[in-house]
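**Q** Please find one structure pasted underneath; my questions will follow.
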Amino acid sequence: MELDSLYQEVILDHYKHPHHKGLSNEKDAQVHHVNPSCGDEVTLNISVSGGIVTDISWDGVGCSISQASTSIMSELVIGKTVAESYRVMDHFSQLMSSKGTLKGDEDILEDAVALAGVSKFPARVKCALLGWMAFKDASVQAIEESEK
Amino acid sequence: MELDSLYQEVILDHYKHPHHKGLSNEKDAQVHHVNPSCGDEVTLNISVSGGIVTDISWDGVGCSISQASTSIMSELVIGKTVAESYRVMDHFSQLMSSKGTLKGDEDILEDAVALAGVSKFPARVKCALLGWMAFKDASVQAIEESEK
Amino acid sequence: MKTLPLSAVEIKGDFPIFARSMRNEKPLIYLDSGATSQKPRSVIDAQSHFYEHINAAVHRGAHLLAEEADAAYEGAREIVANFIGAQANEIVFTKSATEGLNAIAYSFGSAEKGSRLSLGRGDSIVVTEMEHHANLIPWQQLARRTGATLKWIPITSEGRLDYSTLEEIVDSSTKILAFTHQSNVLGTINDVATLVAAAKSVGAVTVLDACQSVPHFPIDVKALGVDLLTFSGHKALGPTGIGVLWGTSSILEEMEPFLYGGSMIESVTMTQATWAPAPRKFEAGVPNMAGAVGLGAALQYLSDIGMENVHSWEKSLTDYALSEFAKLSGVSVIGPLTSENRGAVISFTVDGIHPHDVGQVLDQHGIAVRTGHHCAWPLMKKFGITGTTRASFYLYNTISDVDSLIAAVKSAQEYFKV
Amino acid sequence: MKTLPLSAVEIKGDFPIFARSMRNEKPLIYLDSGATSQKPRSVIDAQSHFYEHINAAVHRGAHLLAEEADAAYEGAREIVANFIGAQANEIVFTKSATEGLNAIAYSFGSAEKGSRLSLGRGDSIVVTEMEHHANLIPWQQLARRTGATLKWIPITSEGRLDYSTLEEIVDSSTKILAFTHQSNVLGTINDVATLVAAAKSVGAVTVLDACQSVPHFPIDVKALGVDLLTFSGHKALGPTGIGVLWGTSSILEEMEPFLYGGSMIESVTMTQATWAPAPRKFEAGVPNMAGAVGLGAALQYLSDIGMENVHSWEKSLTDYALSEFAKLSGVSVIGPLTSENRGAVISFTVDGIHPHDVGQVLDQHGIAVRTGHHCAWPLMKKFGITGTTRASFYLYNTISDVDSLIAAVKSAQEYFKV
Ligand SMILES: Cc1ncc(COP(=O)(O)O)c(C=O)c1O
Ligand SMILES: Cc1ncc(COP(=O)(O)O)c(C=O)c1O
């Protein structure tokens with residue numbers, strides 16, 4: 001069933017047991033993003049130190065795709081340099097806009113390749129990107145903050 | 001040719017030699033009407049005495065239909081009571097909205113029956129009515145004025 | 001199965017789109033008419049016919065095509081007027097209800113100081129808590145621009161207006177009372193008579209958002225007693241890009257125009273202009289002529305079926321759907337639970353499954369619903385949710401469509417193991 | 001006869017309306033494209049196809065139809081963008097050029113005090129004396145509301161802008177310079193580069209009314225250098241009820257929205273709302289989706305033929321028509337007498353015959369022209385006339401159409417014995 005290509009086991013796992021969900025007290029920046037067409041929201045805290053993403057924590061309401069994607073993203077970028085995580089994000093964005101033509105590089109994207117199926121459902125791509133956009137925004141703010 | 005039903009000889013005569021054209025100095029009311037869709041204009045002076053339309057004079061720019069119709073209207077209503085001229089106007093309005101189904105009563109409408117063909121050309125009905133609307137407006141104003 | 005007031009199956013045949021298939025070769029079960037309706041063949045053909053045989057700019061031409069285009073366009077205006085019990089010169093064609101509502105708000109905003117329609121500090125505009133953004137944000141902005149205050153009538157947990165608050169909220173400061181006839185989320189049909197009476201008692205102008213009512217049950221503007229009413233053609237089987245603004249002759253005469261340009265003027269110089277009488281003064285520019293003609297065909301189609309029949313058919317569907325939903329566990333309907341004063345719009349939430357995910361599973365079964373906040377975000381917040389899944393019915397839906405919906409909701413619960 | 005850059009006869013075959021007959025069984029000779037253009041089969045079919053196979057509300061649905069509708073609608077936006085050398089997110093769909101111009105004026109009117117776009121006493125808005133009412137009255141009203149002054153660039157007796165006045169009129173008080181690319185009455189094509197340079201030198205925003213240019217010759221918004229541009233779909237082979245507003249990303253970002261409602265928001269509470277990025281923030285409500293798709297098909301049709309070809313064909317028609325008109329006695333062309341910087345619109349007066357009467361005779365010959373002030377009343381007054389007869393050409397017109405026009409004008413002279 002086509003649905004299984006969208007809702008892979010990995011995604012449902014992350015959805016039911018999201019990683020790094022629950023806002024930490026420490027943070028260098030906090031952002032709040034919404035998806036205006038459905039009302040889904042994410043609040044995301046980031047800590048950056050020496051150019052490395054040392055922590056991500058988040059909270060929010062959203063569909064399985066947005067929750068899982070944010071959970072997977074958090075796992076992926078924590079411990080990476082900001083620059084590296086942007087590279088991962090570029091790969092992920094490409095995958096999302098591939099309309100089902102790409103599978104994604106598991107070495108780079110790890111669990112996020114499970115989201116490849118989302119790219120066949122244009123209306124859901126925004127869901128998958130919500131947490132990533134929040135991360136990007138937060139990282140920019142954290143860096144700006146640290147440069148003050 | 002269908003055109004001849006619109007441009008009857010009588011109409012072209014009135015167009016080339018309009019009656020009561022040229023504004024008189026005496027008047028009980030003056031109105032200025034425009035046809036917004038084409039820019040045609042008429043200024044009309046009326047004199048009313050004892051309930052009788054004693055004079056109409058007018059000036060303006062417009063197509064053959066509007067000029068001829070105003071000329072014919074002036075001829076028709078001068079000397080009639082205001083009430084009588086409204087009855088004539090009602091007949092004329094009916095004729096104009098008849099879409100070619102009526103011929104008009106020559107006893108009442110005299111030369112104005114020549115305008116019957118206009119009713120087959122909806123876009124021109126407004127031209128034929130321009131002077132009449134001005135007359136109606138002016139007569140109301142003249143009566144109001146006299147009652148002050 | 002109950003006897004049907006009309007044969008929805010036969011009606012489906014009038015709508016070409018039902019010949020297509022959806023994902024997995026499933027037939028289309030269209031339950032998103034609250035967002036936009038499907039179009040019968042007669043509407044599609046009326047538009048094509050206009051372009052193939054008549055097309056010309058109205059109000060302007062000196063030729064046969066322009067004459068015929070004028071007759072077609074003004075004929076459509078007559079059809080609309082008859083459909084809602086109005087006079088033709090009270091009908092203004094807009095592009096949508098959204099434009100209609102904004103036009104009203106902008107017009108009031110340009111009213112001359114001191115006129116009945118002008119607003120200022122100390123005045124208030126009243127809406128309800130269940131409004132679509134289109135009948136909320138224009139008033140927020142008008143309030144902001146004029147210094148007036150925006151107030152709203154709250155709703156009960158059942159999704160009805162709390163009429164007990166009316167006396168307190170609609171007071172001598174109230175200049176405008178704008179409300180929806182039927183909620184696009186809850187299905188609630190509001191009590192127009194009570195609201196109009198409250199507005200009249202304080203001399204406020206009433207504006208009715210009839211987007212979800214005109215397409216679904218008989219409307220008589222005179223009986224409703226409101227001053228202004230607006231709806232979108234595309235939700236009433238009509239084309240996209242055409243809507244209707246109706247107002248009493250007297251309020252249309254009082255109102256300032258909204259869009260300025262060709263065909264709405266009486267005279268123009270470089271420095272000033274005067275306006276044609278309504279409806280012309282509200283229709284600047286070459287209008288959506290084919291759209292108006294298509295809307296005429298749509299309302300004609302509905303009249304031929306009879307709006308009473310449409311209404312009672314939708315009522316049967318609602319009754320049946322509500323009773324089936326009541327049997328589901330883990331599923332909550334947001335809005336009134338009986339079909340009394342309620343339209344054929346059913347919003348629901350499924351425990352443990354986000355509306356997006358419900359919608360996705362339904363989509364796999366060929367069922368088209370809408371998910372999210374339905375442009376009524378404040379209402380969602382009121383219910384403490386981010387969104388719902390919404391099934392909205394129309395005359396072409398069948399009892400079997402309801403059965404498919406219920407079955408698909410169950411399958412979503414199974415799929416997500418909730 | 002000259003060799004043609006394209007075969008207008010073959011092109012006529014793409015337009016179903018040319019199969020109909022006019023009064024007296026005459027074939028249709030359509031010379032009223034300046035008011036609205038005819039539609040090729042591909043445009044009519046694209047709209048029908050949308051309704052028959054795709055129809056759903058864009059931006060909102062969770063189902064396959066909504067996905068396909070979105071792709072169709074956004075695909076049309078891409079086509080429009082490519083057609084005028086823009087980016088897709090700079091393209092706003094409106095209902096018409098009239099709406100586009102009003103949207104700009106209203107948006108500037110709501111700009112926050114102190115922002116670059118806000119106007120007040122001491123500021124001026126500059127237009128030209130040849131504007132269509134749609135590019136005049138919105139500015140009159142904006143001036144009235146804000147206290148700004150409206151000024152205009154006068155025209156010469158030949159119907160060109162008097163550029164010698166530019167330096168005096170466009171000064172440091174000028175906030176907006178709004179002008180038409182091509183006059184819908186005179187055919188005059190204005191010198192955009194000179195006007196833009198004048199505006200830029202004083203920091204004024206430029207607004208181009210491209211109603212009569214986008215349909216007729218190649219346009220590259222970047223090369224033009226204006227800030228905002230608008231045109232109507234229906235004059236460019238597209239459906240009625242759809243238009244385009246283009247702006248640079250930066251000005252669209254600065255501008256306040258115009259219509260408020262669904263799909264243009266970022267978030268909404270009962271008391272306030274924030275906006276989505278452009279173009280969304282300018283497209284409140286369910287848009288004219290079929291109209292956009294139809295416009296996409298229209299611009300595709302024009303692109304397939306090539307706008308250079310359209311332009312040079314119209315130039316041949318204009319050259320020929322002007323030379324034939326020059327041979328007529330008692331007939332005066334209002335506007336430039338050569339095809340240089342001039343489009344295929346020919347306004348003329350006939351001594352002793354009112355334009356209405358000229359139009360009526362032409363109508364008897366199956367020739368559709370427009371008569372009157374052409375929504376440019378101040379221009380008429382400038383020339384001391386109440387109106388003209390206007391023949392406007394498009395790609396489907398032929399040399400033989402011009403011959404028929406000339407012959408019919410002569411027959412009008414005979415008929416009225418002038
Ligand atoms: C130069 C010009 N500007 C503006 C308009 C207004 O266009 P629309 O009526 O399609 O909004 C027209 C057409 O009537 C025009 O020719
Ligand atoms: C209740 C209600 N009001 C207003 C609107 C806005 O209608 P449109 O988007 O057609 O302008 C809608 C539909 O979305 C609606 O359901």
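Each chain in the structure tokens gets a letter, A, B, ..., in the order shown, and its residues are numbered from 1; ligands are numbered from 1 in order too.
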I'd like to know which residues of range 121-267 of chain C are helix (DSSP H, G or I) (by DSSP, run on the backbone); could you write them as a PDB file with N, CA and C atoms, in the first residue's frame?
**A**
ATOM      1  N   HIS C 133     -11.790  33.556   8.598  1.00  0.00           N
ATOM      2  CA  HIS C 133     -10.878  34.706   8.560  1.00  0.00           C
ATOM      3  C   HIS C 133     -11.390  35.824   7.651  1.00  0.00           C
ATOM      4  N   ALA C 134     -12.099  35.445   6.607  1.00  0.00           N
ATOM      5  CA  ALA C 134     -12.588  36.449   5.652  1.00  0.00           C
ATOM      6  C   ALA C 134     -13.626  37.383   6.268  1.00  0.00           C
ATOM      7  N   ASN C 135     -14.280  36.929   7.321  1.00  0.00           N
ATOM      8  CA  ASN C 135     -15.256  37.783   7.991  1.00  0.00           C
ATOM      9  C   ASN C 135     -14.750  38.211   9.367  1.00  0.00           C
ATOM     10  N   ILE C 137     -10.772  39.282   9.673  1.00  0.00           N
ATOM     11  CA  ILE C 137      -9.618  40.181   9.504  1.00  0.00           C
ATOM     12  C   ILE C 137     -10.003  41.524   8.859  1.00  0.00           C
ATOM     13  N   PRO C 138     -10.912  41.548   7.862  1.00  0.00           N
ATOM     14  CA  PRO C 138     -11.284  42.867   7.323  1.00  0.00           C
ATOM     15  C   PRO C 138     -11.833  43.796   8.411  1.00  0.00           C
ATOM     16  N   TRP C 139     -12.536  43.226   9.383  1.00  0.00           N
ATOM     17  CA  TRP C 139     -13.097  44.049  10.465  1.00  0.00           C
ATOM     18  C   TRP C 139     -12.021  44.441  11.464  1.00  0.00           C
ATOM     19  N   GLN C 140     -11.064  43.535  11.714  1.00  0.00           N
ATOM     20  CA  GLN C 140      -9.920  43.902  12.560  1.00  0.00           C
ATOM     21  C   GLN C 140      -9.234  45.119  11.966  1.00  0.00           C
ATOM     22  N   GLN C 141      -9.043  45.073  10.652  1.00  0.00           N
ATOM     23  CA  GLN C 141      -8.318  46.151   9.991  1.00  0.00           C
ATOM     24  C   GLN C 141      -9.127  47.434   9.965  1.00  0.00           C
ATOM     25  N   LEU C 142     -10.431  47.294   9.745  1.00  0.00           N
ATOM     26  CA  LEU C 142     -11.279  48.487   9.751  1.00  0.00           C
ATOM     27  C   LEU C 142     -11.249  49.132  11.135  1.00  0.00           C
ATOM     28  N   ALA C 143     -11.294  48.297  12.165  1.00  0.00           N
ATOM     29  CA  ALA C 143     -11.233  48.811  13.537  1.00  0.00           C
ATOM     30  C   ALA C 143      -9.909  49.546  13.752  1.00  0.00           C
ATOM     31  N   ARG C 144      -8.842  48.913  13.306  1.00  0.00           N
ATOM     32  CA  ARG C 144      -7.518  49.513  13.458  1.00  0.00           C
ATOM     33  C   ARG C 144      -7.440  50.886  12.776  1.00  0.00           C
ATOM     34  N   ARG C 145      -7.981  50.939  11.550  1.00  0.00           N
ATOM     35  CA  ARG C 145      -7.884  52.187  10.780  1.00  0.00           C
ATOM     36  C   ARG C 145      -8.751  53.304  11.342  1.00  0.00           C
ATOM     37  N   THR C 146      -9.887  52.914  11.924  1.00  0.00           N
ATOM     38  CA  THR C 146     -10.843  53.954  12.332  1.00  0.00           C
ATOM     39  C   THR C 146     -10.804  54.231  13.822  1.00  0.00           C
ATOM     40  N   TYR C 163     -26.171  33.235  22.904  1.00  0.00           N
ATOM     41  CA  TYR C 163     -27.072  34.373  22.698  1.00  0.00           C
ATOM     42  C   TYR C 163     -27.306  35.159  23.985  1.00  0.00           C
ATOM     43  N   SER C 164     -26.994  34.529  25.120  1.00  0.00           N
ATOM     44  CA  SER C 164     -27.230  35.234  26.386  1.00  0.00           C
ATOM     45  C   SER C 164     -26.321  36.453  26.517  1.00  0.00           C
ATOM     46  N   THR C 165     -25.261  36.477  25.729  1.00  0.00           N
ATOM     47  CA  THR C 165     -24.315  37.598  25.817  1.00  0.00           C
ATOM     48  C   THR C 165     -24.699  38.751  24.893  1.00  0.00           C
ATOM     49  N   LEU C 166     -25.705  38.516  24.073  1.00  0.00           N
ATOM     50  CA  LEU C 166     -26.027  39.444  22.992  1.00  0.00           C
ATOM     51  C   LEU C 166     -26.308  40.857  23.503  1.00  0.00           C
ATOM     52  N   GLU C 167     -27.114  40.903  24.532  1.00  0.00           N
ATOM     53  CA  GLU C 167     -27.551  42.206  25.032  1.00  0.00           C
ATOM     54  C   GLU C 167     -26.369  43.022  25.541  1.00  0.00           C
ATOM     55  N   GLU C 168     -25.417  42.311  26.122  1.00  0.00           N
ATOM     56  CA  GLU C 168     -24.268  43.003  26.661  1.00  0.00           C
ATOM     57  C   GLU C 168     -23.322  43.468  25.551  1.00  0.00           C
ATOM     58  N   ILE C 169     -23.193  42.628  24.529  1.00  0.00           N
ATOM     59  CA  ILE C 169     -22.179  42.904  23.506  1.00  0.00           C
ATOM     60  C   ILE C 169     -22.678  43.876  22.437  1.00  0.00           C
ATOM     61  N   VAL C 192     -30.471  34.048  12.576  1.00  0.00           N
ATOM     62  CA  VAL C 192     -30.378  35.362  11.936  1.00  0.00           C
ATOM     63  C   VAL C 192     -31.391  36.328  12.527  1.00  0.00           C
ATOM     64  N   ALA C 193     -32.610  35.858  12.746  1.00  0.00           N
ATOM     65  CA  ALA C 193     -33.666  36.756  13.220  1.00  0.00           C
ATOM     66  C   ALA C 193     -33.278  37.421  14.544  1.00  0.00           C
ATOM     67  N   THR C 194     -32.766  36.621  15.465  1.00  0.00           N
ATOM     68  CA  THR C 194     -32.380  37.152  16.771  1.00  0.00           C
ATOM     69  C   THR C 194     -31.234  38.163  16.633  1.00  0.00           C
ATOM     70  N   LEU C 195     -30.266  37.816  15.795  1.00  0.00           N
ATOM     71  CA  LEU C 195     -29.110  38.703  15.625  1.00  0.00           C
ATOM     72  C   LEU C 195     -29.523  40.000  14.938  1.00  0.00           C
ATOM     73  N   VAL C 196     -30.377  39.876  13.918  1.00  0.00           N
ATOM     74  CA  VAL C 196     -30.831  41.081  13.211  1.00  0.00           C
ATOM     75  C   VAL C 196     -31.639  41.965  14.158  1.00  0.00           C
ATOM     76  N   ALA C 197     -32.478  41.351  14.973  1.00  0.00           N
ATOM     77  CA  ALA C 197     -33.282  42.143  15.913  1.00  0.00           C
ATOM     78  C   ALA C 197     -32.373  42.918  16.868  1.00  0.00           C
ATOM     79  N   ALA C 198     -31.341  42.233  17.369  1.00  0.00           N
ATOM     80  CA  ALA C 198     -30.416  42.904  18.288  1.00  0.00           C
ATOM     81  C   ALA C 198     -29.741  44.083  17.595  1.00  0.00           C
ATOM     82  N   ALA C 199     -29.309  43.873  16.340  1.00  0.00           N
ATOM     83  CA  ALA C 199     -28.639  44.941  15.598  1.00  0.00           C
ATOM     84  C   ALA C 199     -29.602  46.094  15.323  1.00  0.00           C
ATOM     85  N   LYS C 200     -30.801  45.740  14.898  1.00  0.00           N
ATOM     86  CA  LYS C 200     -31.782  46.780  14.554  1.00  0.00           C
ATOM     87  C   LYS C 200     -32.091  47.642  15.775  1.00  0.00           C
ATOM     88  N   SER C 201     -32.154  46.998  16.934  1.00  0.00           N
ATOM     89  CA  SER C 201     -32.544  47.743  18.131  1.00  0.00           C
ATOM     90  C   SER C 201     -31.517  48.823  18.491  1.00  0.00           C
ATOM     91  N   VAL C 221     -33.562  37.103   0.932  1.00  0.00           N
ATOM     92  CA  VAL C 221     -32.887  38.216   1.622  1.00  0.00           C
ATOM     93  C   VAL C 221     -33.866  39.112   2.353  1.00  0.00           C
ATOM     94  N   LYS C 222     -35.039  39.294   1.782  1.00  0.00           N
ATOM     95  CA  LYS C 222     -36.012  40.168   2.432  1.00  0.00           C
ATOM     96  C   LYS C 222     -36.444  39.553   3.766  1.00  0.00           C
ATOM     97  N   ALA C 223     -36.682  38.251   3.765  1.00  0.00           N
ATOM     98  CA  ALA C 223     -37.106  37.588   5.008  1.00  0.00           C
ATOM     99  C   ALA C 223     -35.987  37.611   6.054  1.00  0.00           C
ATOM    100  N   LEU C 224     -34.744  37.505   5.601  1.00  0.00           N
ATOM    101  CA  LEU C 224     -33.633  37.510   6.559  1.00  0.00           C
ATOM    102  C   LEU C 224     -33.511  38.862   7.256  1.00  0.00           C
ATOM    103  N   GLY C 233     -19.434  32.186  -5.685  1.00  0.00           N
ATOM    104  CA  GLY C 233     -20.020  31.299  -6.685  1.00  0.00           C
ATOM    105  C   GLY C 233     -19.439  29.899  -6.668  1.00  0.00           C
ATOM    106  N   HIS C 234     -18.133  29.788  -6.409  1.00  0.00           N
ATOM    107  CA  HIS C 234     -17.479  28.481  -6.554  1.00  0.00           C
ATOM    108  C   HIS C 234     -17.948  27.457  -5.528  1.00  0.00           C
ATOM    109  N   LYS C 235     -18.576  27.912  -4.456  1.00  0.00           N
ATOM    110  CA  LYS C 235     -19.112  26.961  -3.472  1.00  0.00           C
ATOM    111  C   LYS C 235     -20.551  26.583  -3.802  1.00  0.00           C
ATOM    112  N   SER C 249     -31.200  48.385  -1.665  1.00  0.00           N
ATOM    113  CA  SER C 249     -30.928  49.535  -2.533  1.00  0.00           C
ATOM    114  C   SER C 249     -30.452  50.715  -1.710  1.00  0.00           C
ATOM    115  N   SER C 250     -31.059  50.888  -0.543  1.00  0.00           N
ATOM    116  CA  SER C 250     -30.719  52.098   0.196  1.00  0.00           C
ATOM    117  C   SER C 250     -29.294  52.042   0.732  1.00  0.00           C
ATOM    118  N   ILE C 251     -28.852  50.888   1.209  1.00  0.00           N
ATOM    119  CA  ILE C 251     -27.478  50.873   1.721  1.00  0.00           C
ATOM    120  C   ILE C 251     -26.472  50.940   0.574  1.00  0.00           C
ATOM    121  N   LEU C 252     -26.791  50.294  -0.546  1.00  0.00           N
ATOM    122  CA  LEU C 252     -25.870  50.384  -1.692  1.00  0.00           C
ATOM    123  C   LEU C 252     -25.745  51.832  -2.153  1.00  0.00           C
ATOM    124  N   GLU C 253     -26.858  52.557  -2.071  1.00  0.00           N
ATOM    125  CA  GLU C 253     -26.803  53.958  -2.487  1.00  0.00           C
ATOM    126  C   GLU C 253     -25.914  54.761  -1.523  1.00  0.00           C
ATOM    127  N   GLU C 254     -26.028  54.458  -0.241  1.00  0.00           N
ATOM    128  CA  GLU C 254     -25.240  55.192   0.763  1.00  0.00           C
ATOM    129  C   GLU C 254     -23.751  54.885   0.668  1.00  0.00           C
TER     130      GLU C 254
END
**Q** Grab me every residue within 8 Å of ligand 1, counting only C-alpha atoms and all ligand atoms, and send it over as a PyMOL selection string.
**A** (chain C and resi 261-262+284-287) or (chain D and resi 34-36+95-100+131-135+180-185+209-212+231-235+243+374-375)
**Q** Include C-alpha atoms and write out the residues we just selected as a JSON list (two decimals), in the first residue's frame.
**A**
[["chain", "number", "residue", "atom", "x", "y", "z"],
["C", 261, "GLY", "CA", -11.93, 52.59, -12.72],
["C", 262, "GLY", "CA", -13.90, 52.08, -15.91],
["C", 284, "ALA", "CA", -15.11, 48.76, -11.91],
["C", 285, "GLY", "CA", -13.36, 47.34, -14.94],
["C", 286, "VAL", "CA", -14.26, 44.62, -17.39],
["C", 287, "PRO", "CA", -16.03, 42.11, -15.14],
["D", 34, "GLY", "CA", -8.45, 46.68, -26.95],
["D", 35, "ALA", "CA", -11.59, 46.13, -24.88],
["D", 36, "THR", "CA", -11.27, 42.37, -24.67],
["D", 95, "LYS", "CA", -9.24, 39.67, -10.94],
["D", 96, "SER", "CA", -8.16, 42.39, -13.35],
["D", 97, "ALA", "CA", -5.78, 45.24, -13.98],
["D", 98, "THR", "CA", -8.36, 47.47, -12.34],
["D", 99, "GLU", "CA", -8.10, 45.44, -9.17],
["D", 100, "GLY", "CA", -4.31, 45.46, -9.44],
["D", 131, "GLU", "CA", -4.56, 57.35, -18.52],
["D", 132, "HIS", "CA", -7.46, 54.95, -18.53],
["D", 133, "HIS", "CA", -9.83, 55.71, -15.63],
["D", 134, "ALA", "CA", -8.46, 52.61, -13.91],
["D", 135, "ASN", "CA", -5.06, 54.28, -13.63],
["D", 180, "THR", "CA", 0.35, 53.46, -19.07],
["D", 181, "HIS", "CA", 2.72, 51.54, -21.29],
["D", 182, "GLN", "CA", 0.47, 52.02, -24.28],
["D", 183, "SER", "CA", -2.56, 54.27, -24.55],
["D", 184, "ASN", "CA", -5.76, 52.34, -25.16],
["D", 185, "VAL", "CA", -7.07, 55.26, -27.21],
["D", 209, "ASP", "CA", -0.31, 49.89, -16.54],
["D", 210, "ALA", "CA", 0.62, 47.17, -19.00],
["D", 211, "CYS", "CA", -2.91, 46.27, -20.11],
["D", 212, "GLN", "CA", -2.24, 47.23, -23.70],
["D", 231, "PHE", "CA", -2.38, 43.71, -16.71],
["D", 232, "SER", "CA", -5.63, 41.88, -17.40],
["D", 233, "GLY", "CA", -5.81, 38.32, -18.65],
["D", 234, "HIS", "CA", -8.89, 38.86, -20.78],
["D", 235, "LYS", "CA", -7.05, 41.24, -23.11],
["D", 243, "GLY", "CA", -5.37, 39.56, -13.95],
["D", 374, "HIS", "CA", -12.89, 54.54, -23.94],
["D", 375, "CYS", "CA", -12.64, 55.18, -20.20]]
**Q** Give as a list of chain:residue names every residue of chain D that touches chain B within 8 Å, counting only C-alpha atoms.
**A**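 So the residues of chain D near chain B are D:Ile353, D:His354, D:Pro355, D:His356, D:Asp357, D:Val361, D:Gln364, D:Thr371, D:Gly372, D:His373, D:His374, D:Trp377, D:Thr386, D:Gly387.
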**Q** Filtering to C-alpha atoms, could you give me those residues as a PDB file, in the first residue's frame?
**A**
ATOM      1  CA  ILE D 353     -21.062  61.491 -38.004  1.00  0.00           C
ATOM      2  CA  HIS D 354     -21.104  60.757 -34.302  1.00  0.00           C
ATOM      3  CA  PRO D 355     -18.983  57.762 -33.259  1.00  0.00           C
ATOM      4  CA  HIS D 356     -22.099  55.857 -32.170  1.00  0.00           C
ATOM      5  CA  ASP D 357     -23.507  56.177 -35.633  1.00  0.00           C
ATOM      6  CA  VAL D 361     -22.972  51.200 -39.580  1.00  0.00           C
ATOM      7  CA  GLN D 364     -24.149  46.161 -39.943  1.00  0.00           C
ATOM      8  CA  THR D 371     -17.114  53.965 -29.645  1.00  0.00           C
ATOM      9  CA  GLY D 372     -17.188  56.578 -26.919  1.00  0.00           C
ATOM     10  CA  HIS D 373     -14.620  57.901 -24.489  1.00  0.00           C
ATOM     11  CA  HIS D 374     -12.885  54.541 -23.944  1.00  0.00           C
ATOM     12  CA  TRP D 377     -12.655  60.950 -20.584  1.00  0.00           C
ATOM     13  CA  THR D 386     -16.832  63.547 -26.832  1.00  0.00           C
ATOM     14  CA  GLY D 387     -15.583  60.315 -28.239  1.00  0.00           C
TER      15      GLY D 387
END
**Q** Quick one: residues within 8 Å of Leu102 in chain A, only C-alpha atoms counted, chain neighbours fewer than 4 positions away excluded, as a ChimeraX atom specification?
**A** /A:95,98,116
**Q** Please produce an output containing C-alpha atoms for each residue in the selection, written as a compact mmCIF listing (two decimals), in the first residue's frame.
**A**
# COMPACT_ATOMS: atom_id res chain seq x y z
CA LEU A 95 15.14 14.86 -1.15
CA SER A 98 12.44 15.28 -5.53
CA ALA A 116 11.77 10.01 1.21
**Q** Could you check the closest approach to chain D for each of C:Ser339, C:Ser316, C:Asn309, C:Ser33 and tell me which residue wins, using only C-alpha atoms?
**A**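 The answer is C:Ser33, which sits nearest to chain D.
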**Q** Go through C:Ala178, C:Leu395, C:Ile91, C:Val202 one by one, measure the shortest atom-to-atom distance of each to ligand 2 using only C-alpha atoms and all ligand atoms, and give the residue with the smallest value.
**A**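 Closest residue, counting only C-alpha atoms and all ligand atoms: C:Ala178.
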**Q** Between D:Ala204, D:Ala56, D:Ala111, D:Leu299, which residue has the minimum interatomic distance to ligand 2, considering only C-alpha atoms and all ligand atoms?
**A**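 Of D:Ala204, D:Ala56, D:Ala111, D:Leu299, the one nearest ligand 2, counting only C-alpha atoms and all ligand atoms, is D:Ala56.
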**Q** For ligand 2, which residue out of C:Asp32, C:Glu308, C:Glu283, C:Glu67 is the nearest one, using only C-alpha atoms and all ligand atoms?
**A** C:Asp32
**Q** If you run DSSP over the backbone, which residues in range 9-78 of chain B end up strand (DSSP E)? Put them as a PyMOL selection string.
**A** chain B and resi 29-35+40-49+52-61
**Q** Just want the 10 Å neighbourhood of Tyr86 in chain A, counted on only C-alpha atoms, with same-chain residues fewer than 6 positions away dropped. Output as a list in words.
**A**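 Near Tyr86 in chain A, the qualifying residues are Val77, Lys80, Phe92, Trp132, Phe135, Lys136 and Ser139 of chain A.
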**Q** Could you write those residues out with C-alpha atoms, as a tab-separated table (two decimals), in the first residue's frame?
**A**
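Writing done, so here's part.tsv:
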chain	number	residue	atom	x	y	z
A	77	VAL	CA	22.39	17.72	13.95
A	80	LYS	CA	27.65	18.33	14.24
A	92	PHE	CA	17.19	16.72	3.04
A	132	TRP	CA	14.22	21.98	9.89
A	135	PHE	CA	16.46	24.74	13.29
A	136	LYS	CA	17.86	26.91	10.54
A	139	SER	CA	21.00	28.48	14.42
**Q** Can you tell me which residues surround Gly131 in chain B at a distance of at most 8 Å, considering only C-alpha atoms, apart from same-chain residues fewer than 3 positions away, and format the answer as a list in words?
**A**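 With the cut-off at 8 Å, the set is Val42, Leu44, Ser66, Gln67, Ser69, Thr70, Met73, Ala128, Ala134 and Phe135 of chain B.
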**Q** Looking at only C-alpha atoms and all ligand atoms, which of C:Leu31, C:Ile219, C:Leu186, C:Val268 is the one that sits closest to ligand 2?
**A** C:Leu186
